[in-house]
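File shown: input_3.pdb. Contents: PDB, C-alpha atoms.
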```
MODEL        1
ATOM      1  CA  MET A   1    -151.762 -25.881-192.246
ATOM      2  CA  ILE A   2    -151.658 -23.732-195.368
ATOM      3  CA  PRO A   3    -149.433 -25.376-198.017
ATOM      4  CA  ARG A   4    -146.479 -23.491-199.424
ATOM      5  CA  PHE A   5    -146.909 -22.199-202.929
ATOM      6  CA  GLU A   6    -144.483 -24.777-204.364
ATOM      7  CA  GLU A   7    -146.653 -27.517-202.833
ATOM      8  CA  ILE A   8    -149.674 -26.005-204.563
ATOM      9  CA  ARG A   9    -147.961 -25.899-207.965
ATOM     10  CA  VAL A  10    -148.071 -29.580-208.922
ATOM     11  CA  GLN A  11    -151.591 -30.096-207.630
ATOM     12  CA  ALA A  12    -152.789 -27.021-209.554
ATOM     13  CA  LEU A  13    -151.108 -28.396-212.691
ATOM     14  CA  ARG A  14    -152.823 -31.740-212.079
ATOM     15  CA  MET A  15    -156.195 -29.973-211.819
ATOM     16  CA  LEU A  16    -155.603 -28.501-215.288
ATOM     17  CA  LYS A  17    -154.815 -31.903-216.807
ATOM     18  CA  SER A  18    -158.298 -32.242-218.343
ATOM     19  CA  GLY A  19    -157.535 -29.301-220.615
ATOM     20  CA  ALA A  20    -160.230 -27.081-219.149
ATOM     21  CA  VAL A  21    -159.613 -23.354-218.819
ATOM     22  CA  MET A  22    -159.658 -22.280-215.181
ATOM     23  CA  ARG A  23    -159.377 -19.014-213.319
ATOM     24  CA  ALA A  24    -157.459 -18.556-210.072
ATOM     25  CA  LYS A  25    -160.635 -18.545-207.983
ATOM     26  CA  ASP A  26    -161.632 -21.957-209.442
ATOM     27  CA  PHE A  27    -158.666 -23.581-207.711
ATOM     28  CA  ARG A  28    -159.520 -22.372-204.216
ATOM     29  CA  ASN A  29    -162.087 -24.928-203.016
ATOM     30  CA  PRO A  30    -160.625 -28.033-204.723
ATOM     31  CA  LEU A  31    -157.162 -27.213-203.387
ATOM     32  CA  ALA A  32    -158.544 -26.588-199.903
ATOM     33  CA  LEU A  33    -160.222 -29.989-200.040
ATOM     34  CA  HIS A  34    -157.042 -31.706-201.260
ATOM     35  CA  PHE A  35    -154.888 -30.162-198.536
ATOM     36  CA  HIS A  36    -157.568 -30.639-195.847
ATOM     37  CA  LEU A  37    -157.733 -26.943-194.992
ATOM     38  CA  THR A  38    -160.102 -25.566-192.412
ATOM     39  CA  GLU A  39    -162.152 -22.412-192.864
ATOM     40  CA  GLN A  40    -159.658 -20.705-190.605
ATOM     41  CA  ASP A  41    -156.808 -21.764-192.896
ATOM     42  CA  MET A  42    -158.659 -20.581-195.996
ATOM     43  CA  ASN A  43    -159.474 -17.193-194.508
ATOM     44  CA  ALA A  44    -156.133 -16.507-192.845
ATOM     45  CA  GLU A  45    -154.628 -13.098-193.620
ATOM     46  CA  TYR A  46    -151.028 -11.952-193.599
ATOM     47  CA  PRO A  47    -150.062 -10.272-190.307
ATOM     48  CA  SER A  48    -149.876  -6.981-192.193
ATOM     49  CA  GLY A  49    -153.527  -7.381-193.112
ATOM     50  CA  ASN A  50    -152.684  -7.022-196.778
ATOM     51  CA  GLY A  51    -154.196 -10.107-198.340
ATOM     52  CA  ASN A  52    -155.405 -13.652-197.980
ATOM     53  CA  ILE A  53    -152.467 -16.073-197.634
ATOM     54  CA  PHE A  54    -154.064 -19.038-199.407
ATOM     55  CA  ALA A  55    -155.293 -16.973-202.386
ATOM     56  CA  ASP A  56    -151.908 -15.306-202.571
ATOM     57  CA  ARG A  57    -150.043 -18.599-202.750
ATOM     58  CA  ILE A  58    -152.415 -19.973-205.384
ATOM     59  CA  SER A  59    -151.745 -16.885-207.470
ATOM     60  CA  TRP A  60    -147.990 -17.301-207.186
ATOM     61  CA  ALA A  61    -148.161 -21.040-207.927
ATOM     62  CA  LEU A  62    -150.050 -20.335-211.163
ATOM     63  CA  SER A  63    -147.692 -17.521-212.064
ATOM     64  CA  TYR A  64    -144.673 -19.825-211.700
ATOM     65  CA  LEU A  65    -146.312 -22.523-213.828
ATOM     66  CA  PHE A  66    -146.928 -19.920-216.512
ATOM     67  CA  ILE A  67    -143.416 -18.472-216.357
ATOM     68  CA  ALA A  68    -141.976 -22.000-216.548
ATOM     69  CA  GLY A  69    -143.975 -22.651-219.715
ATOM     70  CA  LEU A  70    -146.190 -25.444-218.375
ATOM     71  CA  VAL A  71    -149.473 -23.547-218.706
ATOM     72  CA  ASP A  72    -150.782 -20.927-221.096
ATOM     73  CA  LYS A  73    -152.960 -17.891-220.459
ATOM     74  CA  PRO A  74    -155.434 -17.702-223.354
ATOM     75  CA  ARG A  75    -156.886 -14.574-221.766
ATOM     76  CA  ARG A  76    -156.003 -12.444-218.773
ATOM     77  CA  GLY A  77    -156.712 -14.421-215.609
ATOM     78  CA  ASP A  78    -157.339 -17.710-217.457
ATOM     79  CA  TYR A  79    -155.052 -20.746-217.215
ATOM     80  CA  ARG A  80    -154.837 -23.825-219.435
ATOM     81  CA  ILE A  81    -152.297 -26.647-219.425
ATOM     82  CA  ASN A  82    -150.171 -27.018-222.558
ATOM     83  CA  ALA A  83    -148.329 -29.960-224.137
ATOM     84  CA  LYS A  84    -145.235 -29.372-222.020
ATOM     85  CA  GLY A  85    -147.294 -29.428-218.821
ATOM     86  CA  ILE A  86    -149.021 -32.668-219.820
ATOM     87  CA  GLU A  87    -145.656 -34.229-220.653
ATOM     88  CA  MET A  88    -144.218 -33.210-217.278
ATOM     89  CA  LEU A  89    -147.133 -34.783-215.391
ATOM     90  CA  ALA A  90    -146.693 -38.018-217.341
ATOM     91  CA  THR A  91    -142.916 -38.346-217.052
ATOM     92  CA  ARG A  92    -141.762 -36.520-213.925
ATOM     93  CA  SER A  93    -142.314 -36.874-210.186
ATOM     94  CA  ASP A  94    -143.691 -34.029-208.082
ATOM     95  CA  VAL A  95    -140.204 -33.213-206.849
ATOM     96  CA  GLN A  96    -138.827 -33.161-210.387
ATOM     97  CA  ILE A  97    -141.627 -30.924-211.628
ATOM     98  CA  ASN A  98    -141.035 -28.438-208.823
ATOM     99  CA  GLU A  99    -137.314 -28.491-209.505
ATOM    100  CA  PHE A 100    -137.956 -27.847-213.204
ATOM    101  CA  VAL A 101    -140.281 -24.939-212.421
ATOM    102  CA  LYS A 102    -137.834 -23.426-209.945
ATOM    103  CA  ASN A 103    -134.919 -23.642-212.376
ATOM    104  CA  ALA A 104    -136.959 -22.315-215.303
ATOM    105  CA  VAL A 105    -138.137 -19.310-213.314
ATOM    106  CA  GLN A 106    -134.650 -18.566-212.026
ATOM    107  CA  VAL A 107    -133.218 -18.641-215.552
ATOM    108  CA  LYS A 108    -135.874 -16.319-216.947
ATOM    109  CA  THR A 109    -135.731 -13.829-214.083
ATOM    110  CA  ALA A 110    -131.923 -13.872-214.018
ATOM    111  CA  LYS A 111    -131.939 -12.621-217.608
ATOM    112  CA  LYS A 112    -133.888  -9.594-216.409
ATOM    113  CA  GLY A 113    -131.600  -8.959-213.443
ATOM    114  CA  THR A 114    -134.025  -9.877-210.666
ATOM    115  CA  GLY A 115    -134.805 -12.966-208.623
ATOM    116  CA  PRO A 116    -138.282 -14.239-207.780
ATOM    117  CA  GLU A 117    -137.546 -15.608-204.346
ATOM    118  CA  GLY A 118    -138.183 -13.765-201.120
ATOM    119  CA  VAL A 119    -140.314 -11.027-202.647
ATOM    120  CA  HIS A 120    -143.523  -9.388-201.543
ATOM    121  CA  THR A 121    -146.474 -10.696-203.516
ATOM    122  CA  PRO A 122    -149.058  -8.577-205.365
ATOM    123  CA  PHE A 123    -151.432  -9.232-202.455
ATOM    124  CA  GLY A 124    -149.006  -7.855-199.894
ATOM    125  CA  GLY A 125    -147.579 -11.075-198.449
ATOM    126  CA  THR A 126    -144.210 -12.650-198.998
ATOM    127  CA  VAL A 127    -142.879 -15.707-200.737
ATOM    128  CA  GLU A 128    -140.400 -17.730-198.684
ATOM    129  CA  ALA A 129    -136.928 -16.243-199.129
ATOM    130  CA  SER A 130    -133.982 -18.141-200.528
ATOM    131  CA  GLY A 131    -131.518 -16.189-198.380
ATOM    132  CA  GLU A 132    -129.862 -14.671-201.435
ATOM    133  CA  HIS A 133    -131.454 -11.234-201.079
ATOM    134  CA  THR A 134    -131.660  -8.659-198.317
ATOM    135  CA  PRO A 135    -135.151  -7.378-197.402
ATOM    136  CA  GLN A 136    -134.364  -4.158-199.276
ATOM    137  CA  GLU A 137    -133.387  -6.073-202.407
ATOM    138  CA  SER A 138    -136.446  -8.275-202.083
ATOM    139  CA  LEU A 139    -138.706  -5.254-201.879
ATOM    140  CA  SER A 140    -137.068  -3.762-204.949
ATOM    141  CA  ASN A 141    -137.408  -7.065-206.803
ATOM    142  CA  SER A 142    -141.042  -7.217-205.808
ATOM    143  CA  TYR A 143    -141.702  -3.771-207.253
ATOM    144  CA  GLU A 144    -140.012  -4.684-210.535
ATOM    145  CA  ASN A 145    -141.915  -7.976-210.769
ATOM    146  CA  ILE A 146    -145.234  -6.232-210.232
ATOM    147  CA  LYS A 147    -144.295  -3.512-212.723
ATOM    148  CA  ARG A 148    -143.382  -6.103-215.355
ATOM    149  CA  SER A 149    -146.646  -7.950-214.778
ATOM    150  CA  VAL A 150    -148.744  -4.776-215.071
ATOM    151  CA  SER A 151    -146.722  -3.597-218.084
ATOM    152  CA  SER A 152    -147.359  -6.908-219.835
ATOM    153  CA  GLU A 153    -151.069  -6.534-219.129
ATOM    154  CA  ILE A 154    -151.002  -2.960-220.481
ATOM    155  CA  LEU A 155    -149.377  -4.088-223.723
ATOM    156  CA  LYS A 156    -151.901  -6.890-224.239
ATOM    157  CA  THR A 157    -154.726  -4.427-223.617
ATOM    158  CA  ILE A 158    -153.329  -1.936-226.137
ATOM    159  CA  LEU A 159    -153.098  -4.658-228.788
ATOM    160  CA  SER A 160    -156.764  -5.491-228.230
ATOM    161  CA  LYS A 161    -157.835  -1.929-229.090
ATOM    162  CA  LYS A 162    -158.343  -0.225-232.456
ATOM    163  CA  PRO A 163    -155.270   1.427-234.055
ATOM    164  CA  HIS A 164    -156.804   4.921-233.793
ATOM    165  CA  GLU A 165    -157.204   4.393-230.030
ATOM    166  CA  PHE A 166    -153.472   3.727-229.824
ATOM    167  CA  GLU A 167    -152.790   6.987-231.654
ATOM    168  CA  ARG A 168    -154.921   8.866-229.132
ATOM    169  CA  LEU A 169    -153.173   7.057-226.286
ATOM    170  CA  VAL A 170    -149.654   8.075-227.326
ATOM    171  CA  VAL A 171    -150.676  11.704-227.808
ATOM    172  CA  GLU A 172    -152.189  11.727-224.315
ATOM    173  CA  LEU A 173    -149.087  10.049-222.887
ATOM    174  CA  LEU A 174    -146.731  12.648-224.361
ATOM    175  CA  ARG A 175    -148.890  15.425-222.923
ATOM    176  CA  MET A 176    -148.741  13.763-219.491
ATOM    177  CA  MET A 177    -144.971  13.613-219.863
ATOM    178  CA  GLY A 178    -144.931  17.396-220.134
ATOM    179  CA  TYR A 179    -144.804  17.949-223.881
ATOM    180  CA  GLY A 180    -147.188  20.696-224.873
ATOM    181  CA  GLY A 181    -146.919  22.368-221.462
ATOM    182  CA  GLU A 182    -149.830  24.655-220.684
ATOM    183  CA  VAL A 183    -150.912  24.978-224.311
ATOM    184  CA  GLU A 184    -154.642  24.294-224.553
ATOM    185  CA  ASN A 185    -155.527  21.371-226.831
ATOM    186  CA  SER A 186    -151.848  20.907-227.592
ATOM    187  CA  GLY A 187    -152.260  17.262-228.617
ATOM    188  CA  THR A 188    -153.937  16.351-231.899
ATOM    189  CA  VAL A 189    -154.527  13.059-233.708
ATOM    190  CA  THR A 190    -154.208  13.536-237.470
ATOM    191  CA  LYS A 191    -157.146  12.513-239.658
ATOM    192  CA  ILE A 192    -156.511   9.157-241.322
ATOM    193  CA  SER A 193    -157.272  10.453-244.805
ATOM    194  CA  ASN A 194    -154.661  13.179-244.625
ATOM    195  CA  ASP A 195    -151.959  12.166-242.181
ATOM    196  CA  GLY A 196    -149.026  12.419-244.614
ATOM    197  CA  GLY A 197    -147.161   9.784-242.617
ATOM    198  CA  ILE A 198    -147.809  11.597-239.324
ATOM    199  CA  ASP A 199    -150.392  10.206-236.898
ATOM    200  CA  GLY A 200    -150.452  13.083-234.420
ATOM    201  CA  THR A 201    -148.818  16.279-233.242
ATOM    202  CA  ILE A 202    -147.992  18.028-229.993
ATOM    203  CA  LYS A 203    -147.840  21.841-230.114
ATOM    204  CA  GLU A 204    -144.999  23.240-228.016
ATOM    205  CA  ASP A 205    -146.144  26.868-228.124
ATOM    206  CA  ILE A 206    -149.502  28.637-228.209
ATOM    207  CA  LEU A 207    -149.248  29.723-231.852
ATOM    208  CA  GLY A 208    -148.043  26.324-232.991
ATOM    209  CA  PHE A 209    -144.768  27.422-234.586
ATOM    210  CA  ASN A 210    -143.004  24.465-232.971
ATOM    211  CA  HIS A 211    -144.519  21.027-232.723
ATOM    212  CA  ILE A 212    -143.586  17.373-232.314
ATOM    213  CA  SER A 213    -144.736  14.951-234.999
ATOM    214  CA  ILE A 214    -145.849  11.485-233.888
ATOM    215  CA  GLN A 215    -145.982   8.154-235.660
ATOM    216  CA  ALA A 216    -147.750   5.312-233.822
ATOM    217  CA  LYS A 217    -147.612   1.678-234.935
ATOM    218  CA  ARG A 218    -149.675  -0.866-233.012
ATOM    219  CA  TYR A 219    -147.787  -4.001-234.015
ATOM    220  CA  ALA A 220    -147.820  -7.454-232.447
ATOM    221  CA  SER A 221    -144.664  -8.812-230.843
ATOM    222  CA  GLY A 222    -142.220  -9.976-233.519
ATOM    223  CA  HIS A 223    -143.516  -7.524-236.130
ATOM    224  CA  ASN A 224    -140.612  -5.134-235.750
ATOM    225  CA  VAL A 225    -140.473  -1.719-237.359
ATOM    226  CA  GLY A 226    -137.877  -1.627-240.132
ATOM    227  CA  ARG A 227    -135.708   1.083-241.604
ATOM    228  CA  GLU A 228    -138.112   1.749-244.498
ATOM    229  CA  GLU A 229    -140.993   2.756-242.201
ATOM    230  CA  VAL A 230    -138.739   4.932-240.057
ATOM    231  CA  GLN A 231    -137.178   6.516-243.124
ATOM    232  CA  SER A 232    -140.634   7.405-244.462
ATOM    233  CA  PHE A 233    -141.487   9.079-241.152
ATOM    234  CA  VAL A 234    -138.182  10.965-241.165
ATOM    235  CA  GLY A 235    -139.062  12.327-244.604
ATOM    236  CA  ALA A 236    -142.404  13.585-243.312
ATOM    237  CA  VAL A 237    -140.827  15.164-240.218
ATOM    238  CA  ALA A 238    -138.117  16.834-242.305
ATOM    239  CA  GLY A 239    -140.849  18.837-244.027
ATOM    240  CA  THR A 240    -142.165  20.333-240.771
ATOM    241  CA  PRO A 241    -140.925  23.643-239.285
ATOM    242  CA  SER A 242    -139.601  22.165-236.025
ATOM    243  CA  LYS A 243    -138.199  18.924-237.517
ATOM    244  CA  LYS A 244    -138.899  16.914-234.355
ATOM    245  CA  GLY A 245    -140.512  13.490-234.318
ATOM    246  CA  VAL A 246    -141.314  10.579-232.029
ATOM    247  CA  PHE A 247    -141.900   7.117-233.492
ATOM    248  CA  ILE A 248    -143.742   4.843-231.053
ATOM    249  CA  THR A 249    -144.486   1.150-231.519
ATOM    250  CA  THR A 250    -145.839  -1.653-229.354
ATOM    251  CA  SER A 251    -143.226  -4.013-230.809
ATOM    252  CA  ALA A 252    -139.535  -3.218-231.416
ATOM    253  CA  TYR A 253    -137.173  -1.809-234.048
ATOM    254  CA  THR A 254    -134.767  -3.611-236.325
ATOM    255  CA  LYS A 255    -131.056  -2.880-235.979
ATOM    256  CA  GLY A 256    -131.210  -1.162-239.354
ATOM    257  CA  ALA A 257    -133.911   1.215-238.157
ATOM    258  CA  VAL A 258    -131.993   2.113-234.999
ATOM    259  CA  SER A 259    -128.728   2.609-236.885
ATOM    260  CA  TYR A 260    -130.448   4.830-239.417
ATOM    261  CA  VAL A 261    -131.850   7.128-236.727
ATOM    262  CA  ASP A 262    -128.465   7.265-234.998
ATOM    263  CA  SER A 263    -126.881   8.374-238.270
ATOM    264  CA  LEU A 264    -129.194  11.389-238.576
ATOM    265  CA  ASN A 265    -127.302  13.308-235.861
ATOM    266  CA  GLY A 266    -130.335  15.412-235.003
ATOM    267  CA  ALA A 267    -131.262  16.497-238.519
ATOM    268  CA  PRO A 268    -134.167  15.959-238.062
ATOM    269  CA  THR A 269    -134.427  14.907-234.406
ATOM    270  CA  ILE A 270    -136.145  11.514-234.117
ATOM    271  CA  ILE A 271    -136.840   9.561-230.926
ATOM    272  CA  LEU A 272    -137.714   5.853-231.100
ATOM    273  CA  ILE A 273    -139.863   4.330-228.356
ATOM    274  CA  ASP A 274    -140.448   0.575-228.378
ATOM    275  CA  GLY A 275    -143.111  -1.450-226.584
ATOM    276  CA  GLN A 276    -141.049  -2.014-223.449
ATOM    277  CA  LYS A 277    -140.193   1.650-223.035
ATOM    278  CA  LEU A 278    -143.773   2.635-223.891
ATOM    279  CA  THR A 279    -145.273   0.522-221.109
ATOM    280  CA  GLU A 280    -142.649   1.810-218.676
ATOM    281  CA  TYR A 281    -143.697   5.387-219.433
ATOM    282  CA  ILE A 282    -147.387   4.488-219.109
ATOM    283  CA  TYR A 283    -146.692   2.837-215.747
ATOM    284  CA  ASP A 284    -144.445   5.614-214.428
ATOM    285  CA  TYR A 285    -146.876   8.379-215.403
ATOM    286  CA  GLY A 286    -149.950   6.415-214.311
ATOM    287  CA  LEU A 287    -151.871   6.714-217.575
ATOM    288  CA  GLY A 288    -154.986   4.552-217.274
ATOM    289  CA  LEU A 289    -153.770   3.163-213.946
ATOM    290  CA  GLN A 290    -154.880   3.390-210.344
ATOM    291  CA  THR A 291    -152.612   3.450-207.314
ATOM    292  CA  GLU A 292    -153.385   0.285-205.392
ATOM    293  CA  ARG A 293    -151.060   0.741-202.456
ATOM    294  CA  VAL A 294    -148.305   3.083-201.262
ATOM    295  CA  LEU A 295    -145.409   1.752-199.175
ATOM    296  CA  GLU A 296    -143.069   3.921-197.126
ATOM    297  CA  VAL A 297    -139.635   2.443-196.517
ATOM    298  CA  LYS A 298    -137.807   4.337-193.772
ATOM    299  CA  LYS A 299    -134.313   4.318-192.356
ATOM    300  CA  ALA A 300    -132.796   5.897-189.294
ATOM    301  CA  ASP A 301    -131.785   9.545-189.584
ATOM    302  CA  MET A 302    -128.303   9.198-188.100
ATOM    303  CA  ASP A 303    -127.775  12.974-187.941
ATOM    304  CA  TYR A 304    -130.754  13.127-185.573
ATOM    305  CA  TRP A 305    -129.592  10.239-183.372
ATOM    306  CA  ASP A 306    -125.923  11.246-183.413
ATOM    307  CA  ALA A 307    -126.873  14.677-182.048
ATOM    308  CA  MET A 308    -127.998  12.974-178.831
ATOM    309  CA  GLU A 309    -125.470  12.593-176.014
ATOM    310  CA  ASP A 310    -124.077   9.071-175.683
ATOM    311  CA  ASP A 311    -124.199   7.164-172.398
ATOM    312  CA  LEU A 312    -120.486   6.295-172.003
TER     313      LEU A 312
ENDMDL
END
```
Go through the file and emit its structure as structure tokens.
Amino acid sequence: MIPRFEEIRVQALRMLKSGAVMRAKDFRNPLALHFHLTEQDMNAEYPSGNGNIFADRISWALSYLFIAGLVDKPRRGDYRINAKGIEMLATRSDVQINEFVKNAVQVKTAKKGTGPEGVHTPFGGTVEASGEHTPQESLSNSYENIKRSVSSEILKTILSKKPHEFERLVVELLRMMGYGGEVENSGTVTKISNDGGIDGTIKEDILGFNHISIQAKRYASGHNVGREEVQSFVGAVAGTPSKKGVFITTSAYTKGAVSYVDSLNGAPTIILIDGQKLTEYIYDYGLGLQTERVLEVKKADMDYWDAMEDDL
């Protein structure tokens, strides 16, 4: 019988105890041996045909350990136990560890307005429901969980690239969002030696009378953009004919920076986009992404059925 993902969690944590870095696929055979799984168990698919059940549950077990702060991910797809995980193995029972993980995940997901239980997994299966969510809510939660996971991966990928690649990325994103319209070559990345505080521009008309100035800062989390940097960009934008600017960062903005932009009252017009909003736009517009699967959720058309004569 295939173990539930919470049963897999502690054993997976125990397998990481040596300190070695492991990938999800490395857990498959040792876990199958520990739980005495047959080939049929290991190869079982969800009834929908959308994924291997055992691999799916391993993936979710590792994800929960990571969210709970018991393992680290030194690179995408890699897992390594941390000091907290080692401490838990030494001082807590299996039941206590699972209870800790469950509570930690619930606290973190509650802060974001979604619950992890009863959702469809990235492989197309489902995690056992807690009874707190309807199927519709669970599906919605699943979508948001997947979106957050992909968005986090996008942000990490951006931070691994050169700054000039980020500048090109944001120009391309704004064009995909409709800025620049049908104007050929409407997006331009400014040369580093002569950017004047502006990293790129989007032409809004063919002759280029109106354009949007862009500032792009590829900063690590915690390195927030302050008022001084925004104020410098505002000064550069104020000297352009259209006086429109978009400041985009992979991190966030200080309260001072946000308050300063709010006080401008559109003179010039400045839009601030932080890392969270940036990855949402990238996800929603599909920049650098592939559609893995499309789900259709249908409901009864009551106008159609009500038009039929009832059998009284």
Expected residue set, 12 Å radius at (-154.4, -0.2, -227.4), all atoms listed in the file, as a PyMOL selection string: chain A and resi 153-170+216-220+249-250+275+278-279+282+288
Selection dump of the PyMOL selection byres ((chain A and resi 260) around 12), as a VMD selection string: chain A and resid 226 to 234 253 to 259 261 to 272
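Straight-line separation from atom CA of Lys277 of chain A to atom CA of Trp60 of chain A: 25.9 Å.
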Ground truth for the PyMOL selection byres ((chain A and resi 28) around 10), written as a list of chain:residue names: A:Ala12, A:Arg23, A:Ala24, A:Lys25, A:Asp26, A:Phe27, A:Asn29, A:Pro30, A:Leu31, A:Ala32, A:Leu33, A:Met42, A:Phe54, A:Ala55, A:Ile58
Restricting the output to C-alpha atoms, write the selected residues as a PDB file, in the coordinates of the input.
```
ATOM      1  CA  ALA A  12    -152.789 -27.021-209.554  1.00  0.00           C
ATOM      2  CA  ARG A  23    -159.377 -19.014-213.319  1.00  0.00           C
ATOM      3  CA  ALA A  24    -157.459 -18.556-210.072  1.00  0.00           C
ATOM      4  CA  LYS A  25    -160.635 -18.545-207.983  1.00  0.00           C
ATOM      5  CA  ASP A  26    -161.632 -21.957-209.442  1.00  0.00           C
ATOM      6  CA  PHE A  27    -158.666 -23.581-207.711  1.00  0.00           C
ATOM      7  CA  ASN A  29    -162.087 -24.928-203.016  1.00  0.00           C
ATOM      8  CA  PRO A  30    -160.625 -28.033-204.723  1.00  0.00           C
ATOM      9  CA  LEU A  31    -157.162 -27.213-203.387  1.00  0.00           C
ATOM     10  CA  ALA A  32    -158.544 -26.588-199.903  1.00  0.00           C
ATOM     11  CA  LEU A  33    -160.222 -29.989-200.040  1.00  0.00           C
ATOM     12  CA  MET A  42    -158.659 -20.581-195.996  1.00  0.00           C
ATOM     13  CA  PHE A  54    -154.064 -19.038-199.407  1.00  0.00           C
ATOM     14  CA  ALA A  55    -155.293 -16.973-202.386  1.00  0.00           C
ATOM     15  CA  ILE A  58    -152.415 -19.973-205.384  1.00  0.00           C
TER      16      ILE A  58
END
```
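Pairwise distance (atom CA of Ile212 of chain A, atom CA of Val246 of chain A) equals 7.2 Å.
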Top pick for closest residue to Leu287 of chain A, considering A:Asp311, A:Ile2, A:Met22, A:Arg175 and counting only C-alpha atoms: A:Arg175
Take every atom of segment 275-278 of chain A listed in the file, pad by 5 Å on each side, and give me the axis-aligned box centre and edge lengths in Å, one decimal, as lines of an AutoDock Vina configuration file.
```
center_x = -142.0
center_y = 0.3
center_z = -224.8
size_x = 13.6
size_y = 14.6
size_z = 13.5
```
Pairwise distance for atom CA of Val171 of chain A and atom CA of Ala236 of chain A, rounded to one decimal in Å: 17.7 Å
